[in-house]
Every structure is written in structure tokens, then in C-alpha cells.
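Text of work07.txt, listed as compact mmCIF, N, CA and C atoms:
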# COMPACT_ATOMS: atom_id res chain seq x y z
N MET A 1 -35.49 -73.88 -9.04
CA MET A 1 -35.92 -74.02 -7.66
C MET A 1 -34.74 -73.75 -6.73
N TYR A 2 -35.01 -73.09 -5.63
CA TYR A 2 -33.99 -72.76 -4.66
C TYR A 2 -34.20 -73.56 -3.38
N VAL A 3 -33.09 -73.90 -2.71
CA VAL A 3 -33.17 -74.62 -1.44
C VAL A 3 -32.34 -73.89 -0.39
N SER A 4 -32.79 -74.00 0.86
CA SER A 4 -32.10 -73.35 1.98
C SER A 4 -30.96 -74.21 2.50
N ASP A 5 -30.16 -73.63 3.38
CA ASP A 5 -29.09 -74.41 4.00
C ASP A 5 -29.67 -75.56 4.82
N LYS A 6 -30.83 -75.35 5.42
CA LYS A 6 -31.49 -76.41 6.18
C LYS A 6 -31.89 -77.57 5.25
N GLN A 7 -32.38 -77.25 4.07
CA GLN A 7 -32.78 -78.28 3.12
C GLN A 7 -31.56 -79.02 2.56
N VAL A 8 -30.48 -78.28 2.29
CA VAL A 8 -29.25 -78.92 1.82
C VAL A 8 -28.72 -79.86 2.90
N ALA A 9 -28.70 -79.39 4.15
CA ALA A 9 -28.23 -80.22 5.25
C ALA A 9 -29.08 -81.48 5.39
N GLY A 10 -30.38 -81.33 5.30
CA GLY A 10 -31.28 -82.47 5.41
C GLY A 10 -31.08 -83.48 4.29
N ARG A 11 -30.77 -82.98 3.12
CA ARG A 11 -30.53 -83.84 1.95
C ARG A 11 -29.36 -84.79 2.18
N TYR A 12 -28.34 -84.30 2.91
CA TYR A 12 -27.13 -85.09 3.14
C TYR A 12 -27.01 -85.63 4.56
N GLY A 13 -27.97 -85.34 5.40
CA GLY A 13 -27.94 -85.84 6.77
C GLY A 13 -26.83 -85.22 7.61
N VAL A 14 -26.59 -83.93 7.38
CA VAL A 14 -25.56 -83.20 8.13
C VAL A 14 -26.20 -81.98 8.79
N THR A 15 -25.42 -81.26 9.57
CA THR A 15 -25.93 -80.04 10.22
C THR A 15 -25.75 -78.84 9.28
N ARG A 16 -26.47 -77.78 9.58
CA ARG A 16 -26.35 -76.56 8.78
C ARG A 16 -24.92 -76.00 8.77
N PRO A 17 -24.23 -75.97 9.93
CA PRO A 17 -22.85 -75.48 9.89
C PRO A 17 -21.95 -76.30 8.96
N THR A 18 -22.23 -77.59 8.81
CA THR A 18 -21.43 -78.42 7.90
C THR A 18 -21.56 -77.93 6.47
N VAL A 19 -22.77 -77.54 6.07
CA VAL A 19 -22.97 -77.03 4.71
C VAL A 19 -22.10 -75.80 4.48
N TRP A 20 -22.04 -74.92 5.46
CA TRP A 20 -21.23 -73.70 5.32
C TRP A 20 -19.73 -74.03 5.35
N ARG A 21 -19.34 -75.07 6.10
CA ARG A 21 -17.93 -75.50 6.07
C ARG A 21 -17.57 -76.04 4.70
N TRP A 22 -18.48 -76.82 4.10
CA TRP A 22 -18.23 -77.34 2.76
C TRP A 22 -18.01 -76.19 1.78
N LEU A 23 -18.82 -75.14 1.93
CA LEU A 23 -18.70 -73.99 1.04
C LEU A 23 -17.31 -73.36 1.13
N LYS A 24 -16.76 -73.28 2.34
CA LYS A 24 -15.43 -72.69 2.53
C LYS A 24 -14.31 -73.64 2.13
N ALA A 25 -14.50 -74.95 2.36
CA ALA A 25 -13.42 -75.91 2.17
C ALA A 25 -13.37 -76.53 0.77
N ASP A 26 -14.49 -76.61 0.10
CA ASP A 26 -14.56 -77.30 -1.20
C ASP A 26 -14.85 -76.29 -2.30
N PRO A 27 -13.85 -76.00 -3.14
CA PRO A 27 -14.07 -75.01 -4.21
C PRO A 27 -15.09 -75.46 -5.25
N THR A 28 -15.42 -76.74 -5.29
CA THR A 28 -16.40 -77.23 -6.26
C THR A 28 -17.83 -77.14 -5.73
N PHE A 29 -17.99 -76.89 -4.43
CA PHE A 29 -19.33 -76.80 -3.85
C PHE A 29 -20.03 -75.56 -4.39
N PRO A 30 -21.28 -75.68 -4.81
CA PRO A 30 -22.00 -74.54 -5.39
C PRO A 30 -22.06 -73.34 -4.46
N LYS A 31 -21.96 -72.18 -5.06
CA LYS A 31 -22.05 -70.93 -4.31
C LYS A 31 -23.51 -70.56 -4.11
N PRO A 32 -23.87 -70.10 -2.94
CA PRO A 32 -25.26 -69.70 -2.70
C PRO A 32 -25.55 -68.34 -3.32
N ILE A 33 -26.83 -68.05 -3.43
CA ILE A 33 -27.30 -66.78 -3.98
C ILE A 33 -28.04 -66.05 -2.87
N SER A 34 -27.72 -64.78 -2.70
CA SER A 34 -28.42 -63.97 -1.71
C SER A 34 -29.66 -63.38 -2.38
N LEU A 35 -30.83 -63.83 -1.97
CA LEU A 35 -32.07 -63.34 -2.55
C LEU A 35 -32.52 -62.03 -1.92
N SER A 36 -32.20 -61.87 -0.65
CA SER A 36 -32.49 -60.64 0.09
C SER A 36 -31.67 -60.70 1.37
N PRO A 37 -31.59 -59.60 2.12
CA PRO A 37 -30.84 -59.67 3.38
C PRO A 37 -31.39 -60.77 4.28
N GLY A 38 -30.51 -61.67 4.69
CA GLY A 38 -30.92 -62.76 5.57
C GLY A 38 -31.55 -63.94 4.86
N CYS A 39 -31.57 -63.92 3.52
CA CYS A 39 -32.19 -65.01 2.76
C CYS A 39 -31.21 -65.49 1.69
N THR A 40 -30.49 -66.56 2.02
CA THR A 40 -29.51 -67.14 1.11
C THR A 40 -29.97 -68.52 0.70
N ARG A 41 -29.90 -68.80 -0.59
CA ARG A 41 -30.38 -70.08 -1.12
C ARG A 41 -29.40 -70.62 -2.16
N TRP A 42 -29.49 -71.93 -2.35
CA TRP A 42 -28.72 -72.61 -3.40
C TRP A 42 -29.68 -73.00 -4.51
N ARG A 43 -29.19 -73.00 -5.73
CA ARG A 43 -29.99 -73.51 -6.85
C ARG A 43 -29.96 -75.03 -6.78
N LEU A 44 -31.12 -75.66 -6.81
CA LEU A 44 -31.21 -77.11 -6.71
C LEU A 44 -30.46 -77.79 -7.85
N ASP A 45 -30.55 -77.25 -9.06
CA ASP A 45 -29.86 -77.88 -10.19
C ASP A 45 -28.34 -77.87 -10.00
N GLU A 46 -27.80 -76.83 -9.36
CA GLU A 46 -26.36 -76.79 -9.09
C GLU A 46 -25.97 -77.82 -8.02
N ILE A 47 -26.81 -77.98 -7.02
CA ILE A 47 -26.56 -78.99 -5.98
C ILE A 47 -26.58 -80.38 -6.62
N GLU A 48 -27.55 -80.64 -7.48
CA GLU A 48 -27.64 -81.94 -8.15
C GLU A 48 -26.45 -82.19 -9.06
N SER A 49 -25.97 -81.16 -9.76
CA SER A 49 -24.79 -81.30 -10.62
C SER A 49 -23.55 -81.61 -9.79
N TRP A 50 -23.44 -80.95 -8.63
CA TRP A 50 -22.31 -81.20 -7.73
C TRP A 50 -22.34 -82.64 -7.24
N GLU A 51 -23.54 -83.13 -6.89
CA GLU A 51 -23.69 -84.53 -6.47
C GLU A 51 -23.22 -85.48 -7.58
N ALA A 52 -23.66 -85.23 -8.80
CA ALA A 52 -23.33 -86.10 -9.91
C ALA A 52 -21.82 -86.11 -10.16
N ALA A 53 -21.18 -84.96 -10.05
CA ALA A 53 -19.74 -84.87 -10.25
C ALA A 53 -18.99 -85.64 -9.17
N ARG A 54 -19.47 -85.59 -7.94
CA ARG A 54 -18.84 -86.32 -6.85
C ARG A 54 -19.00 -87.83 -7.03
N ARG A 55 -20.17 -88.25 -7.51
CA ARG A 55 -20.39 -89.68 -7.75
C ARG A 55 -19.49 -90.19 -8.88
N ALA A 56 -19.28 -89.35 -9.89
CA ALA A 56 -18.48 -89.75 -11.04
C ALA A 56 -16.99 -89.80 -10.72
N ALA A 57 -16.57 -89.03 -9.71
CA ALA A 57 -15.14 -88.97 -9.37
C ALA A 57 -14.67 -90.21 -8.64
Output the file's structure in the form of C-alpha cells.
Amino acid sequence: MYVSDKQVAGRYGVTRPTVWRWLKADPTFPKPISLSPGCTRWRLDEIESWEAARRAA
């Protein structure tokens, strides 16, 4: 399953630009996949794995 930047932002209670800042600032943050021009998504399982790693740290 894929999620948008809006869905990722909503999951963490942050703004969409914050998600993109995390991508640039945190090398462990999952990389998005470009499905088509103007359509970028994250894999939900990668987001969940990133969450679990952060909780464990």
C-alpha cells in the first residue's frame, strides 16, 4: 500500500513541508517512489518500519 505526503503528515500531526524536510534531514527516513509525474508516494510498510526503529532507539 502506498501513502501520500498528506497522509504521512496526518499520521504524525505535522505539515506536508515537514515530511519533505524529514526526507532531506534524516537519512533513515524512507525514500518516496515516483509513480508518475506529479505522483509521489511512500510505501506504508517502510513508514511503519521507520516508526518501529525510532521507537526502539
(message) DSSP on the backbone: which residues in chain A end up as strand (DSSP E)? Give the answer as an MDAnalysis selection string.
(response) chainID A and resid 2:3 33:36 39:43
(request) Quick one: pick out all helix (DSSP H, G or I) residues within chain A from a backbone DSSP run and write them as an MDAnalysis selection string. (result) chainID A and resid 5:12 16:25 44:56
Could you save those same residues with N, CA and C atoms as a PDB file, keeping the file's coordinate frame?
ATOM      1  N   ASP A   5     -30.160 -73.630   3.380  1.00  0.00           N
ATOM      2  CA  ASP A   5     -29.090 -74.410   4.000  1.00  0.00           C
ATOM      3  C   ASP A   5     -29.670 -75.560   4.820  1.00  0.00           C
ATOM      4  N   LYS A   6     -30.830 -75.350   5.420  1.00  0.00           N
ATOM      5  CA  LYS A   6     -31.490 -76.410   6.180  1.00  0.00           C
ATOM      6  C   LYS A   6     -31.890 -77.570   5.250  1.00  0.00           C
ATOM      7  N   GLN A   7     -32.380 -77.250   4.070  1.00  0.00           N
ATOM      8  CA  GLN A   7     -32.780 -78.280   3.120  1.00  0.00           C
ATOM      9  C   GLN A   7     -31.560 -79.020   2.560  1.00  0.00           C
ATOM     10  N   VAL A   8     -30.480 -78.280   2.290  1.00  0.00           N
ATOM     11  CA  VAL A   8     -29.250 -78.920   1.820  1.00  0.00           C
ATOM     12  C   VAL A   8     -28.720 -79.860   2.900  1.00  0.00           C
ATOM     13  N   ALA A   9     -28.700 -79.390   4.150  1.00  0.00           N
ATOM     14  CA  ALA A   9     -28.230 -80.220   5.250  1.00  0.00           C
ATOM     15  C   ALA A   9     -29.080 -81.480   5.390  1.00  0.00           C
ATOM     16  N   GLY A  10     -30.380 -81.330   5.300  1.00  0.00           N
ATOM     17  CA  GLY A  10     -31.280 -82.470   5.410  1.00  0.00           C
ATOM     18  C   GLY A  10     -31.080 -83.480   4.290  1.00  0.00           C
ATOM     19  N   ARG A  11     -30.770 -82.980   3.120  1.00  0.00           N
ATOM     20  CA  ARG A  11     -30.530 -83.840   1.950  1.00  0.00           C
ATOM     21  C   ARG A  11     -29.360 -84.790   2.180  1.00  0.00           C
ATOM     22  N   TYR A  12     -28.340 -84.300   2.910  1.00  0.00           N
ATOM     23  CA  TYR A  12     -27.130 -85.090   3.140  1.00  0.00           C
ATOM     24  C   TYR A  12     -27.010 -85.630   4.560  1.00  0.00           C
ATOM     25  N   ARG A  16     -26.470 -77.780   9.580  1.00  0.00           N
ATOM     26  CA  ARG A  16     -26.350 -76.560   8.780  1.00  0.00           C
ATOM     27  C   ARG A  16     -24.920 -76.000   8.770  1.00  0.00           C
ATOM     28  N   PRO A  17     -24.230 -75.970   9.930  1.00  0.00           N
ATOM     29  CA  PRO A  17     -22.850 -75.480   9.890  1.00  0.00           C
ATOM     30  C   PRO A  17     -21.950 -76.300   8.960  1.00  0.00           C
ATOM     31  N   THR A  18     -22.230 -77.590   8.810  1.00  0.00           N
ATOM     32  CA  THR A  18     -21.430 -78.420   7.900  1.00  0.00           C
ATOM     33  C   THR A  18     -21.560 -77.930   6.470  1.00  0.00           C
ATOM     34  N   VAL A  19     -22.770 -77.540   6.070  1.00  0.00           N
ATOM     35  CA  VAL A  19     -22.970 -77.030   4.710  1.00  0.00           C
ATOM     36  C   VAL A  19     -22.100 -75.800   4.480  1.00  0.00           C
ATOM     37  N   TRP A  20     -22.040 -74.920   5.460  1.00  0.00           N
ATOM     38  CA  TRP A  20     -21.230 -73.700   5.320  1.00  0.00           C
ATOM     39  C   TRP A  20     -19.730 -74.030   5.350  1.00  0.00           C
ATOM     40  N   ARG A  21     -19.340 -75.070   6.100  1.00  0.00           N
ATOM     41  CA  ARG A  21     -17.930 -75.500   6.070  1.00  0.00           C
ATOM     42  C   ARG A  21     -17.570 -76.040   4.700  1.00  0.00           C
ATOM     43  N   TRP A  22     -18.480 -76.820   4.100  1.00  0.00           N
ATOM     44  CA  TRP A  22     -18.230 -77.340   2.760  1.00  0.00           C
ATOM     45  C   TRP A  22     -18.010 -76.190   1.780  1.00  0.00           C
ATOM     46  N   LEU A  23     -18.820 -75.140   1.930  1.00  0.00           N
ATOM     47  CA  LEU A  23     -18.700 -73.990   1.040  1.00  0.00           C
ATOM     48  C   LEU A  23     -17.310 -73.360   1.130  1.00  0.00           C
ATOM     49  N   LYS A  24     -16.760 -73.280   2.340  1.00  0.00           N
ATOM     50  CA  LYS A  24     -15.430 -72.690   2.530  1.00  0.00           C
ATOM     51  C   LYS A  24     -14.310 -73.640   2.130  1.00  0.00           C
ATOM     52  N   ALA A  25     -14.500 -74.950   2.360  1.00  0.00           N
ATOM     53  CA  ALA A  25     -13.420 -75.910   2.170  1.00  0.00           C
ATOM     54  C   ALA A  25     -13.370 -76.530   0.770  1.00  0.00           C
ATOM     55  N   LEU A  44     -31.120 -75.660  -6.810  1.00  0.00           N
ATOM     56  CA  LEU A  44     -31.210 -77.110  -6.710  1.00  0.00           C
ATOM     57  C   LEU A  44     -30.460 -77.790  -7.850  1.00  0.00           C
ATOM     58  N   ASP A  45     -30.550 -77.250  -9.060  1.00  0.00           N
ATOM     59  CA  ASP A  45     -29.860 -77.880 -10.190  1.00  0.00           C
ATOM     60  C   ASP A  45     -28.340 -77.870 -10.000  1.00  0.00           C
ATOM     61  N   GLU A  46     -27.800 -76.830  -9.360  1.00  0.00           N
ATOM     62  CA  GLU A  46     -26.360 -76.790  -9.090  1.00  0.00           C
ATOM     63  C   GLU A  46     -25.970 -77.820  -8.020  1.00  0.00           C
ATOM     64  N   ILE A  47     -26.810 -77.980  -7.020  1.00  0.00           N
ATOM     65  CA  ILE A  47     -26.560 -78.990  -5.980  1.00  0.00           C
ATOM     66  C   ILE A  47     -26.580 -80.380  -6.620  1.00  0.00           C
ATOM     67  N   GLU A  48     -27.550 -80.640  -7.480  1.00  0.00           N
ATOM     68  CA  GLU A  48     -27.640 -81.940  -8.150  1.00  0.00           C
ATOM     69  C   GLU A  48     -26.450 -82.190  -9.060  1.00  0.00           C
ATOM     70  N   SER A  49     -25.970 -81.160  -9.760  1.00  0.00           N
ATOM     71  CA  SER A  49     -24.790 -81.300 -10.620  1.00  0.00           C
ATOM     72  C   SER A  49     -23.550 -81.610  -9.790  1.00  0.00           C
ATOM     73  N   TRP A  50     -23.440 -80.950  -8.630  1.00  0.00           N
ATOM     74  CA  TRP A  50     -22.310 -81.200  -7.730  1.00  0.00           C
ATOM     75  C   TRP A  50     -22.340 -82.640  -7.240  1.00  0.00           C
ATOM     76  N   GLU A  51     -23.540 -83.130  -6.890  1.00  0.00           N
ATOM     77  CA  GLU A  51     -23.690 -84.530  -6.470  1.00  0.00           C
ATOM     78  C   GLU A  51     -23.220 -85.480  -7.580  1.00  0.00           C
ATOM     79  N   ALA A  52     -23.660 -85.230  -8.800  1.00  0.00           N
ATOM     80  CA  ALA A  52     -23.330 -86.100  -9.910  1.00  0.00           C
ATOM     81  C   ALA A  52     -21.820 -86.110 -10.160  1.00  0.00           C
ATOM     82  N   ALA A  53     -21.180 -84.960 -10.050  1.00  0.00           N
ATOM     83  CA  ALA A  53     -19.740 -84.870 -10.250  1.00  0.00           C
ATOM     84  C   ALA A  53     -18.990 -85.640  -9.170  1.00  0.00           C
ATOM     85  N   ARG A  54     -19.470 -85.590  -7.940  1.00  0.00           N
ATOM     86  CA  ARG A  54     -18.840 -86.320  -6.850  1.00  0.00           C
ATOM     87  C   ARG A  54     -19.000 -87.830  -7.030  1.00  0.00           C
ATOM     88  N   ARG A  55     -20.170 -88.250  -7.510  1.00  0.00           N
ATOM     89  CA  ARG A  55     -20.390 -89.680  -7.750  1.00  0.00           C
ATOM     90  C   ARG A  55     -19.490 -90.190  -8.880  1.00  0.00           C
ATOM     91  N   ALA A  56     -19.280 -89.350  -9.890  1.00  0.00           N
ATOM     92  CA  ALA A  56     -18.480 -89.750 -11.040  1.00  0.00           C
ATOM     93  C   ALA A  56     -16.990 -89.800 -10.720  1.00  0.00           C
TER      94      ALA A  56
END
As AutoDock Vina command-line options, what would the box around stretch 37-46 of chain A look like: edges along x, y and z, 4 Å added on every side, centre and edge lengths in Å to one decimal?
--center_x -29.1 --center_y -68.7 --center_z -2.3 --size_x 14.2 --size_y 26.3 --size_z 23.8
Need the shell around A:Leu44: protein/DNA/RNA residues with any atom at most 7 Å away, counting all atoms listed in the file. Skip same-chain ones fewer than 6 positions apart. Format as a compact mmCIF listing (two decimals) with N, CA and C atoms, in the frame of the given file?
# COMPACT_ATOMS: atom_id res chain seq x y z
N MET A 1 -35.49 -73.88 -9.04
CA MET A 1 -35.92 -74.02 -7.66
C MET A 1 -34.74 -73.75 -6.73
N TYR A 2 -35.01 -73.09 -5.63
CA TYR A 2 -33.99 -72.76 -4.66
C TYR A 2 -34.20 -73.56 -3.38
N VAL A 3 -33.09 -73.90 -2.71
CA VAL A 3 -33.17 -74.62 -1.44
C VAL A 3 -32.34 -73.89 -0.39
(message) Please determine, counting only C-alpha atoms, which residue among A:Asp5, A:Arg55, A:Arg43, A:Lys31 has the shortest atom-to-atom distance to A:Val19.
(response) A:Asp5
Skipping near chain neighbours, those fewer than 6 positions away, what residues fall within 12 Å of A:Leu23 using only C-alpha atoms, listed as an mmCIF file with N, CA and C atoms, keeping the file's coordinate frame?
data_model
loop_
_atom_site.group_PDB
_atom_site.id
_atom_site.type_symbol
_atom_site.label_atom_id
_atom_site.label_comp_id
_atom_site.auth_asym_id
_atom_site.auth_seq_id
_atom_site.Cartn_x
_atom_site.Cartn_y
_atom_site.Cartn_z
ATOM 1 N N ASP A 5 -30.160 -73.630 3.380
ATOM 2 C CA ASP A 5 -29.090 -74.410 4.000
ATOM 3 C C ASP A 5 -29.670 -75.560 4.820
ATOM 4 N N VAL A 8 -30.480 -78.280 2.290
ATOM 5 C CA VAL A 8 -29.250 -78.920 1.820
ATOM 6 C C VAL A 8 -28.720 -79.860 2.900
ATOM 7 N N ARG A 16 -26.470 -77.780 9.580
ATOM 8 C CA ARG A 16 -26.350 -76.560 8.780
ATOM 9 C C ARG A 16 -24.920 -76.000 8.770
ATOM 10 N N PRO A 17 -24.230 -75.970 9.930
ATOM 11 C CA PRO A 17 -22.850 -75.480 9.890
ATOM 12 C C PRO A 17 -21.950 -76.300 8.960
ATOM 13 N N PHE A 29 -17.990 -76.890 -4.430
ATOM 14 C CA PHE A 29 -19.330 -76.800 -3.850
ATOM 15 C C PHE A 29 -20.030 -75.560 -4.390
ATOM 16 N N PRO A 30 -21.280 -75.680 -4.810
ATOM 17 C CA PRO A 30 -22.000 -74.540 -5.390
ATOM 18 C C PRO A 30 -22.060 -73.340 -4.460
ATOM 19 N N LYS A 31 -21.960 -72.180 -5.060
ATOM 20 C CA LYS A 31 -22.050 -70.930 -4.310
ATOM 21 C C LYS A 31 -23.510 -70.560 -4.110
ATOM 22 N N PRO A 32 -23.870 -70.100 -2.940
ATOM 23 C CA PRO A 32 -25.260 -69.700 -2.700
ATOM 24 C C PRO A 32 -25.550 -68.340 -3.320
ATOM 25 N N TRP A 42 -29.490 -71.930 -2.350
ATOM 26 C CA TRP A 42 -28.720 -72.610 -3.400
ATOM 27 C C TRP A 42 -29.680 -73.000 -4.510
ATOM 28 N N ILE A 47 -26.810 -77.980 -7.020
ATOM 29 C CA ILE A 47 -26.560 -78.990 -5.980
ATOM 30 C C ILE A 47 -26.580 -80.380 -6.620
ATOM 31 N N TRP A 50 -23.440 -80.950 -8.630
ATOM 32 C CA TRP A 50 -22.310 -81.200 -7.730
ATOM 33 C C TRP A 50 -22.340 -82.640 -7.240
#
(message) Using only C-alpha atoms, can you tell me which of A:Thr15, A:Ser4, A:Ala56, A:Ala9 comes closest to A:Gly38?
(response) A:Ser4
(request) Work out how far apart atom N of A:Ser49 and atom C of A:Pro37 are and give it in Å to one decimal. (result) 25.3 Å
